[in-house]
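Worksheet: the structure to be examined is printed underneath.
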Amino acid sequence: FTDPAAMAVVHSIIKDARPDIIVNVGDLVDAWQISRFDKDPARVDSLQDNIDEARVHLHQIAQLAPNARRVWLEGNHETRLTRAIMALEGAQREFGKLRAFQTAMTWPSLMQNESIGWEFIPEREQSRTEVLPKIITKHGSVVRKWSGWSGKGEWEKYGRSGVSGHTHRLGWFVHRDHNGNASWAESGCTCLLEAPYGIDFDWQQGLIVYTWNESKALMNTEFVSIRDGAAVWRSSEYGPEDRAA
């Protein structure tokens with residue numbers, strides 16, 4: 001369910017930003033075929049098709065930023081693989097006990113991450129793994145009604161600054177108390193805003209560019225809002241034909 005116009009903007013900004021690290025915050029592979037939700041029988045794309053498309057996406061980004069550290073966070077859509085394996089019944093449950101099966105049926109293996117230079121961080125490890133300096137970097141598990149509210153919920157859970165996806169919204173919660181300043185950002189999405197499994201979603205396309213000073217004591221957060229396949233970042237315009245000046 002990727003929006004090609006939104007991804008074109010992301011690709012152009014990656015080329016201009018020349019980042020030290022790129023984080024995909026998850027739900028890269030929708031894996032709708034193995035979800036518990038109703039499935040449109042007219043759709044013909046397979047789980048392998050999803051995997052192939054996602055791998056092409058990661059490989060394209062690797063080519064745009066070959067020197068960057070590249071991290072893919074497991075999202076709740078990717079955990080559909082684990083849940084499907086856990087749901088095996090009868091004789092099929094024995095497959096899950098096979099060491100070769102356990103090695104092969106993981107996202108790093110299915111996507112051949114190592115060959116295209118991407119790290120994979122499972123959902124359970126994200127809040128304890130340092131990805132970006134001094135902030136928690138995770139897919140996200142809190143969903144509240146409005147933009148920024150989910151970020152507040154994540155901050156309430158951890159009491160620290162962070163960034164997450166999951167809600168498909170752009171939003172920012174900022175707080176100051178006697179412990180200092182804290183913030184939590186919701187990073188938006190690059191999926192179709194009119195996905196076939198619902199109507200009138202309150203989603204926003206976009207991305208976040210973080211900048212730190214050399215000591216990592218100061219951080220700046222730049223939200224890039226993508227609207228109708230176009231965006232402005234640092235005075236340059238990006239769009240379907242890459243009009244960056």
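Residues in the structure tokens are named by chain (A, B, ... in the order shown) and by number from 1 within that chain; ligands are numbered from 1 in the order shown.
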
Secondary structure check, strand (DSSP E) residues of range 104-161 of chain A, as a VMD selection string: chain A and resid 119 to 121 136 to 137

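Every protein, DNA or RNA residue with an atom at most 10 Å from Leu193 in chain A, where only C-alpha atoms count and chain neighbours fewer than 6 positions away do not, is listed here: A:Phe1, A:Thr2, A:Asp3, A:His168, A:Ile199, A:Asp200, A:Phe201, A:Asp202, A:Trp203, A:Gln204, A:Gln205.
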
Do a neighbour search on range 22-27 of chain A at 9 Å with only C-alpha atoms, toss out local chain neighbours closer than 6 positions, and write the hits as a PDB file with all heavy atoms, in the first residue's frame.
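The result, stored in selection-v4.pdb:
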ATOM      1  N   ILE A  14      16.564  12.049   1.064  1.00  0.00           N
ATOM      2  CA  ILE A  14      17.709  11.238   1.479  1.00  0.00           C
ATOM      3  C   ILE A  14      18.951  11.637   0.698  1.00  0.00           C
ATOM      4  O   ILE A  14      20.044  11.789   1.260  1.00  0.00           O
ATOM      5  CB  ILE A  14      17.408   9.742   1.304  1.00  0.00           C
ATOM      6  CG1 ILE A  14      16.411   9.259   2.367  1.00  0.00           C
ATOM      7  CG2 ILE A  14      18.695   8.912   1.388  1.00  0.00           C
ATOM      8  CD1 ILE A  14      15.924   7.848   2.160  1.00  0.00           C
ATOM      9  N   ILE A  61      17.011   2.403  -1.036  1.00  0.00           N
ATOM     10  CA  ILE A  61      17.496   3.351  -0.032  1.00  0.00           C
ATOM     11  C   ILE A  61      18.973   3.110   0.257  1.00  0.00           C
ATOM     12  O   ILE A  61      19.748   4.061   0.443  1.00  0.00           O
ATOM     13  CB  ILE A  61      16.643   3.264   1.242  1.00  0.00           C
ATOM     14  CG1 ILE A  61      15.244   3.819   0.951  1.00  0.00           C
ATOM     15  CG2 ILE A  61      17.298   4.027   2.395  1.00  0.00           C
ATOM     16  CD1 ILE A  61      14.299   3.794   2.120  1.00  0.00           C
ATOM     17  N   ALA A  65      21.980   5.928   0.050  1.00  0.00           N
ATOM     18  CA  ALA A  65      22.807   6.292   1.203  1.00  0.00           C
ATOM     19  C   ALA A  65      23.699   5.114   1.568  1.00  0.00           C
ATOM     20  O   ALA A  65      23.520   4.484   2.617  1.00  0.00           O
ATOM     21  CB  ALA A  65      21.915   6.700   2.372  1.00  0.00           C
ATOM     22  N   ALA A  68      25.435   5.181   5.109  1.00  0.00           N
ATOM     23  CA  ALA A  68      24.624   5.373   6.311  1.00  0.00           C
ATOM     24  C   ALA A  68      24.399   4.053   7.027  1.00  0.00           C
ATOM     25  O   ALA A  68      24.329   2.986   6.399  1.00  0.00           O
ATOM     26  CB  ALA A  68      23.279   6.000   5.949  1.00  0.00           C
ATOM     27  N   ARG A  69      24.268   4.118   8.341  1.00  0.00           N
ATOM     28  CA  ARG A  69      23.755   2.975   9.088  1.00  0.00           C
ATOM     29  C   ARG A  69      22.257   2.893   8.798  1.00  0.00           C
ATOM     30  O   ARG A  69      21.563   3.906   8.844  1.00  0.00           O
ATOM     31  CB  ARG A  69      23.994   3.162  10.580  1.00  0.00           C
ATOM     32  CG  ARG A  69      23.459   2.014  11.437  1.00  0.00           C
ATOM     33  CD  ARG A  69      23.533   2.345  12.923  1.00  0.00           C
ATOM     34  NE  ARG A  69      22.928   1.281  13.720  1.00  0.00           N
ATOM     35  CZ  ARG A  69      22.609   1.418  15.019  1.00  0.00           C
ATOM     36  NH1 ARG A  69      22.840   2.574  15.645  1.00  0.00           N
ATOM     37  NH2 ARG A  69      22.052   0.409  15.671  1.00  0.00           N
ATOM     38  N   ARG A  70      21.759   1.699   8.479  1.00  0.00           N
ATOM     39  CA  ARG A  70      20.366   1.562   8.079  1.00  0.00           C
ATOM     40  C   ARG A  70      19.679   0.541   8.989  1.00  0.00           C
ATOM     41  O   ARG A  70      20.128  -0.606   9.106  1.00  0.00           O
ATOM     42  CB  ARG A  70      20.284   1.136   6.606  1.00  0.00           C
ATOM     43  CG  ARG A  70      20.918   2.174   5.671  1.00  0.00           C
ATOM     44  CD  ARG A  70      20.850   1.763   4.221  1.00  0.00           C
ATOM     45  NE  ARG A  70      21.631   0.587   3.913  1.00  0.00           N
ATOM     46  CZ  ARG A  70      22.939   0.600   3.636  1.00  0.00           C
ATOM     47  NH1 ARG A  70      23.612   1.747   3.661  1.00  0.00           N
ATOM     48  NH2 ARG A  70      23.567  -0.525   3.338  1.00  0.00           N
ATOM     49  N   VAL A  71      18.585   0.986   9.618  1.00  0.00           N
ATOM     50  CA  VAL A  71      17.909   0.188  10.634  1.00  0.00           C
ATOM     51  C   VAL A  71      16.433   0.050  10.291  1.00  0.00           C
ATOM     52  O   VAL A  71      15.774   1.045   9.975  1.00  0.00           O
ATOM     53  CB  VAL A  71      18.057   0.835  12.036  1.00  0.00           C
ATOM     54  CG1 VAL A  71      17.314   0.025  13.090  1.00  0.00           C
ATOM     55  CG2 VAL A  71      19.529   0.975  12.408  1.00  0.00           C
ATOM     56  N   TRP A  72      15.943  -1.159  10.369  1.00  0.00           N
ATOM     57  CA  TRP A  72      14.522  -1.456  10.151  1.00  0.00           C
ATOM     58  C   TRP A  72      13.947  -1.979  11.458  1.00  0.00           C
ATOM     59  O   TRP A  72      14.423  -2.973  11.997  1.00  0.00           O
ATOM     60  CB  TRP A  72      14.382  -2.465   9.014  1.00  0.00           C
ATOM     61  CG  TRP A  72      13.024  -3.091   8.839  1.00  0.00           C
ATOM     62  CD1 TRP A  72      11.817  -2.555   9.162  1.00  0.00           C
ATOM     63  CD2 TRP A  72      12.754  -4.388   8.285  1.00  0.00           C
ATOM     64  NE1 TRP A  72      10.800  -3.427   8.842  1.00  0.00           N
ATOM     65  CE2 TRP A  72      11.355  -4.567   8.304  1.00  0.00           C
ATOM     66  CE3 TRP A  72      13.556  -5.406   7.776  1.00  0.00           C
ATOM     67  CZ2 TRP A  72      10.742  -5.725   7.838  1.00  0.00           C
ATOM     68  CZ3 TRP A  72      12.946  -6.563   7.307  1.00  0.00           C
ATOM     69  CH2 TRP A  72      11.550  -6.710   7.335  1.00  0.00           C
ATOM     70  N   LEU A  73      12.928  -1.292  11.970  1.00  0.00           N
ATOM     71  CA  LEU A  73      12.268  -1.701  13.203  1.00  0.00           C
ATOM     72  C   LEU A  73      11.061  -2.580  12.886  1.00  0.00           C
ATOM     73  O   LEU A  73      10.265  -2.257  12.007  1.00  0.00           O
ATOM     74  CB  LEU A  73      11.795  -0.472  13.993  1.00  0.00           C
ATOM     75  CG  LEU A  73      12.840   0.598  14.321  1.00  0.00           C
ATOM     76  CD1 LEU A  73      12.191   1.720  15.126  1.00  0.00           C
ATOM     77  CD2 LEU A  73      14.022   0.009  15.077  1.00  0.00           C
ATOM     78  N   GLU A  74      10.929  -3.664  13.610  1.00  0.00           N
ATOM     79  CA  GLU A  74       9.764  -4.520  13.435  1.00  0.00           C
ATOM     80  C   GLU A  74       8.508  -3.786  13.888  1.00  0.00           C
ATOM     81  O   GLU A  74       8.459  -3.214  14.981  1.00  0.00           O
ATOM     82  CB  GLU A  74       9.919  -5.796  14.254  1.00  0.00           C
ATOM     83  CG  GLU A  74       8.760  -6.763  14.109  1.00  0.00           C
ATOM     84  CD  GLU A  74       8.949  -8.023  14.931  1.00  0.00           C
ATOM     85  OE1 GLU A  74       9.488  -7.925  16.063  1.00  0.00           O
ATOM     86  OE2 GLU A  74       8.573  -9.108  14.445  1.00  0.00           O
ATOM     87  N   GLY A  75       7.480  -3.776  13.036  1.00  0.00           N
ATOM     88  CA  GLY A  75       6.190  -3.185  13.394  1.00  0.00           C
ATOM     89  C   GLY A  75       5.168  -4.256  13.703  1.00  0.00           C
ATOM     90  O   GLY A  75       5.422  -5.453  13.530  1.00  0.00           O
ATOM     91  N   ASN A  76       4.001  -3.835  14.124  1.00  0.00           N
ATOM     92  CA  ASN A  76       2.967  -4.820  14.460  1.00  0.00           C
ATOM     93  C   ASN A  76       2.503  -5.603  13.231  1.00  0.00           C
ATOM     94  O   ASN A  76       2.043  -6.736  13.354  1.00  0.00           O
ATOM     95  CB  ASN A  76       1.774  -4.144  15.142  1.00  0.00           C
ATOM     96  CG  ASN A  76       1.148  -3.060  14.297  1.00  0.00           C
ATOM     97  OD1 ASN A  76       1.772  -2.039  14.013  1.00  0.00           O
ATOM     98  ND2 ASN A  76      -0.100  -3.254  13.890  1.00  0.00           N
ATOM     99  N   HIS A  77       2.664  -5.031  12.031  1.00  0.00           N
ATOM    100  CA  HIS A  77       2.315  -5.795  10.834  1.00  0.00           C
ATOM    101  C   HIS A  77       3.339  -6.904  10.583  1.00  0.00           C
ATOM    102  O   HIS A  77       2.963  -8.008  10.182  1.00  0.00           O
ATOM    103  CB  HIS A  77       2.207  -4.873   9.622  1.00  0.00           C
ATOM    104  CG  HIS A  77       0.981  -4.024   9.638  1.00  0.00           C
ATOM    105  ND1 HIS A  77       0.320  -3.651   8.480  1.00  0.00           N
ATOM    106  CD2 HIS A  77       0.278  -3.460  10.656  1.00  0.00           C
ATOM    107  CE1 HIS A  77      -0.726  -2.898   8.791  1.00  0.00           C
ATOM    108  NE2 HIS A  77      -0.757  -2.776  10.109  1.00  0.00           N
ATOM    109  N   GLU A  78       4.607  -6.617  10.827  1.00  0.00           N
ATOM    110  CA  GLU A  78       5.601  -7.674  10.686  1.00  0.00           C
ATOM    111  C   GLU A  78       5.417  -8.783  11.727  1.00  0.00           C
ATOM    112  O   GLU A  78       5.753  -9.949  11.468  1.00  0.00           O
ATOM    113  CB  GLU A  78       7.024  -7.106  10.789  1.00  0.00           C
ATOM    114  CG  GLU A  78       7.507  -6.395   9.544  1.00  0.00           C
ATOM    115  CD  GLU A  78       7.267  -4.896   9.578  1.00  0.00           C
ATOM    116  OE1 GLU A  78       6.709  -4.409  10.597  1.00  0.00           O
ATOM    117  OE2 GLU A  78       7.611  -4.211   8.611  1.00  0.00           O
ATOM    118  N   VAL A 131      19.423   3.391  19.026  1.00  0.00           N
ATOM    119  CA  VAL A 131      19.477   3.576  17.582  1.00  0.00           C
ATOM    120  C   VAL A 131      19.852   5.016  17.270  1.00  0.00           C
ATOM    121  O   VAL A 131      20.845   5.286  16.591  1.00  0.00           O
ATOM    122  CB  VAL A 131      18.126   3.202  16.929  1.00  0.00           C
ATOM    123  CG1 VAL A 131      18.162   3.476  15.425  1.00  0.00           C
ATOM    124  CG2 VAL A 131      17.786   1.737  17.197  1.00  0.00           C
ATOM    125  N   LEU A 132      19.057   5.945  17.763  1.00  0.00           N
ATOM    126  CA  LEU A 132      19.366   7.374  17.636  1.00  0.00           C
ATOM    127  C   LEU A 132      19.861   7.888  18.984  1.00  0.00           C
ATOM    128  O   LEU A 132      19.432   7.405  20.037  1.00  0.00           O
ATOM    129  CB  LEU A 132      18.115   8.143  17.204  1.00  0.00           C
ATOM    130  CG  LEU A 132      17.541   7.760  15.833  1.00  0.00           C
ATOM    131  CD1 LEU A 132      16.261   8.536  15.555  1.00  0.00           C
ATOM    132  CD2 LEU A 132      18.552   7.991  14.725  1.00  0.00           C
ATOM    133  N   THR A 137      13.807   4.875  20.153  1.00  0.00           N
ATOM    134  CA  THR A 137      13.397   4.745  18.756  1.00  0.00           C
ATOM    135  C   THR A 137      12.650   3.429  18.617  1.00  0.00           C
ATOM    136  O   THR A 137      13.241   2.363  18.742  1.00  0.00           O
ATOM    137  CB  THR A 137      14.626   4.759  17.829  1.00  0.00           C
ATOM    138  OG1 THR A 137      15.469   5.873  18.170  1.00  0.00           O
ATOM    139  CG2 THR A 137      14.214   4.881  16.380  1.00  0.00           C
ATOM    140  N   LYS A 138      11.344   3.486  18.376  1.00  0.00           N
ATOM    141  CA  LYS A 138      10.540   2.270  18.362  1.00  0.00           C
ATOM    142  C   LYS A 138       9.403   2.402  17.363  1.00  0.00           C
ATOM    143  O   LYS A 138       9.069   3.519  16.932  1.00  0.00           O
ATOM    144  CB  LYS A 138       9.983   1.983  19.758  1.00  0.00           C
ATOM    145  CG  LYS A 138       9.120   3.106  20.324  1.00  0.00           C
ATOM    146  CD  LYS A 138       8.497   2.727  21.679  1.00  0.00           C
ATOM    147  CE  LYS A 138       7.469   1.631  21.525  1.00  0.00           C
ATOM    148  NZ  LYS A 138       6.617   1.460  22.724  1.00  0.00           N
ATOM    149  N   HIS A 139       8.809   1.263  17.012  1.00  0.00           N
ATOM    150  CA  HIS A 139       7.662   1.320  16.112  1.00  0.00           C
ATOM    151  C   HIS A 139       6.485   2.015  16.779  1.00  0.00           C
ATOM    152  O   HIS A 139       5.804   2.838  16.169  1.00  0.00           O
ATOM    153  CB  HIS A 139       7.259  -0.072  15.663  1.00  0.00           C
ATOM    154  CG  HIS A 139       6.002  -0.062  14.850  1.00  0.00           C
ATOM    155  ND1 HIS A 139       5.949   0.475  13.578  1.00  0.00           N
ATOM    156  CD2 HIS A 139       4.742  -0.495  15.131  1.00  0.00           C
ATOM    157  CE1 HIS A 139       4.708   0.367  13.112  1.00  0.00           C
ATOM    158  NE2 HIS A 139       3.968  -0.217  14.022  1.00  0.00           N
ATOM    159  N   GLY A 140       6.233   1.691  18.027  1.00  0.00           N
ATOM    160  CA  GLY A 140       5.135   2.303  18.769  1.00  0.00           C
ATOM    161  C   GLY A 140       4.028   1.314  19.072  1.00  0.00           C
ATOM    162  O   GLY A 140       3.783   0.371  18.313  1.00  0.00           O
ATOM    163  N   VAL A 163      10.801   8.646  19.439  1.00  0.00           N
ATOM    164  CA  VAL A 163      10.136   8.772  18.142  1.00  0.00           C
ATOM    165  C   VAL A 163       9.508   7.427  17.818  1.00  0.00           C
ATOM    166  O   VAL A 163      10.058   6.375  18.153  1.00  0.00           O
ATOM    167  CB  VAL A 163      11.124   9.203  17.038  1.00  0.00           C
ATOM    168  CG1 VAL A 163      12.270   8.204  16.897  1.00  0.00           C
ATOM    169  CG2 VAL A 163      10.411   9.387  15.708  1.00  0.00           C
ATOM    170  N   SER A 164       8.349   7.461  17.189  1.00  0.00           N
ATOM    171  CA  SER A 164       7.663   6.226  16.812  1.00  0.00           C
ATOM    172  C   SER A 164       6.814   6.468  15.578  1.00  0.00           C
ATOM    173  O   SER A 164       6.556   7.607  15.184  1.00  0.00           O
ATOM    174  CB  SER A 164       6.791   5.718  17.970  1.00  0.00           C
ATOM    175  OG  SER A 164       5.873   6.704  18.399  1.00  0.00           O
ATOM    176  N   GLY A 165       6.377   5.374  14.989  1.00  0.00           N
ATOM    177  CA  GLY A 165       5.469   5.432  13.853  1.00  0.00           C
ATOM    178  C   GLY A 165       4.108   4.928  14.286  1.00  0.00           C
ATOM    179  O   GLY A 165       3.465   5.522  15.131  1.00  0.00           O
ATOM    180  N   HIS A 166       3.664   3.838  13.737  1.00  0.00           N
ATOM    181  CA  HIS A 166       2.477   3.089  14.136  1.00  0.00           C
ATOM    182  C   HIS A 166       1.162   3.807  13.860  1.00  0.00           C
ATOM    183  O   HIS A 166       0.235   3.240  13.287  1.00  0.00           O
ATOM    184  CB  HIS A 166       2.570   2.703  15.616  1.00  0.00           C
ATOM    185  CG  HIS A 166       1.510   1.733  16.064  1.00  0.00           C
ATOM    186  ND1 HIS A 166       1.173   0.613  15.349  1.00  0.00           N
ATOM    187  CD2 HIS A 166       0.715   1.729  17.175  1.00  0.00           C
ATOM    188  CE1 HIS A 166       0.220  -0.055  15.994  1.00  0.00           C
ATOM    189  NE2 HIS A 166      -0.078   0.601  17.074  1.00  0.00           N
ATOM    190  N   SER A 187       6.098   9.941  13.444  1.00  0.00           N
ATOM    191  CA  SER A 187       6.878  10.195  12.231  1.00  0.00           C
ATOM    192  C   SER A 187       6.105  10.172  10.922  1.00  0.00           C
ATOM    193  O   SER A 187       6.701  10.274   9.859  1.00  0.00           O
ATOM    194  CB  SER A 187       8.018   9.173  12.140  1.00  0.00           C
ATOM    195  OG  SER A 187       7.496   7.855  12.042  1.00  0.00           O
TER     196      SER A 187
END

Nearby residues (only C-alpha atoms) at most 12 Å from range 218-223 of chain A, same-chain spacing under 5 positions excluded, as a ChimeraX atom specification: /A:17,132-135,161-163,169-174,181-189,204-213,231-234

Range 33-199 of chain A: residues DSSP assigns to helix (DSSP H, G or I), reported as a ChimeraX atom specification: /A:33-34,47-64,79-86,90-97,99-104,107-111,113-116,123-128,149-158

One-decimal distance in Å that lies between CA of Tyr197 in chain A and CA of Lys39 in chain A: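 Taking CA of Lys39 in chain A and CA of Tyr197 in chain A, their separation equals 8.8 Å.
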
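Each of A:Asp16, A:Lys216, A:Thr190, A:Pro108 was checked against Ala230 in chain A using only C-alpha atoms; the smallest atom-to-atom distance is that of A:Thr190.
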
So that each row is one residue of range 92-158 of chain A with an atom at most 12 Å from range 44-58 of chain A, can you give its shortest atom pair and the distance in Å to one decimal, using only C-alpha atoms, rows by chain and rising number, as CSV?
residue,atom,partner,partner_atom,distance
A:Thr106,CA,A:Ile51,CA,11.7
A:Trp107,CA,A:Ile51,CA,9.0
A:Pro108,CA,A:Arg55,CA,10.4
A:Ser109,CA,A:Ile51,CA,10.9
A:Leu110,CA,A:Ile51,CA,7.4
A:Met111,CA,A:Arg55,CA,6.0
A:Gln112,CA,A:Arg55,CA,8.1
A:Asn113,CA,A:Arg55,CA,8.1
A:Glu114,CA,A:Arg55,CA,11.3
A:Ser115,CA,A:Arg55,CA,10.5
A:Ile116,CA,A:Leu58,CA,7.5
A:Gly117,CA,A:Leu58,CA,8.9
A:Trp118,CA,A:Leu58,CA,7.8
A:Glu119,CA,A:Leu58,CA,10.9
A:Phe120,CA,A:Leu58,CA,11.7

Residue nearest Leu192 in chain A - candidates A:Gly229, A:Gly159, A:Gln33, A:Glu214, atoms counted: only C-alpha atoms: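 Checking each candidate against Leu192 in chain A, we get A:Gly229 as the closest.
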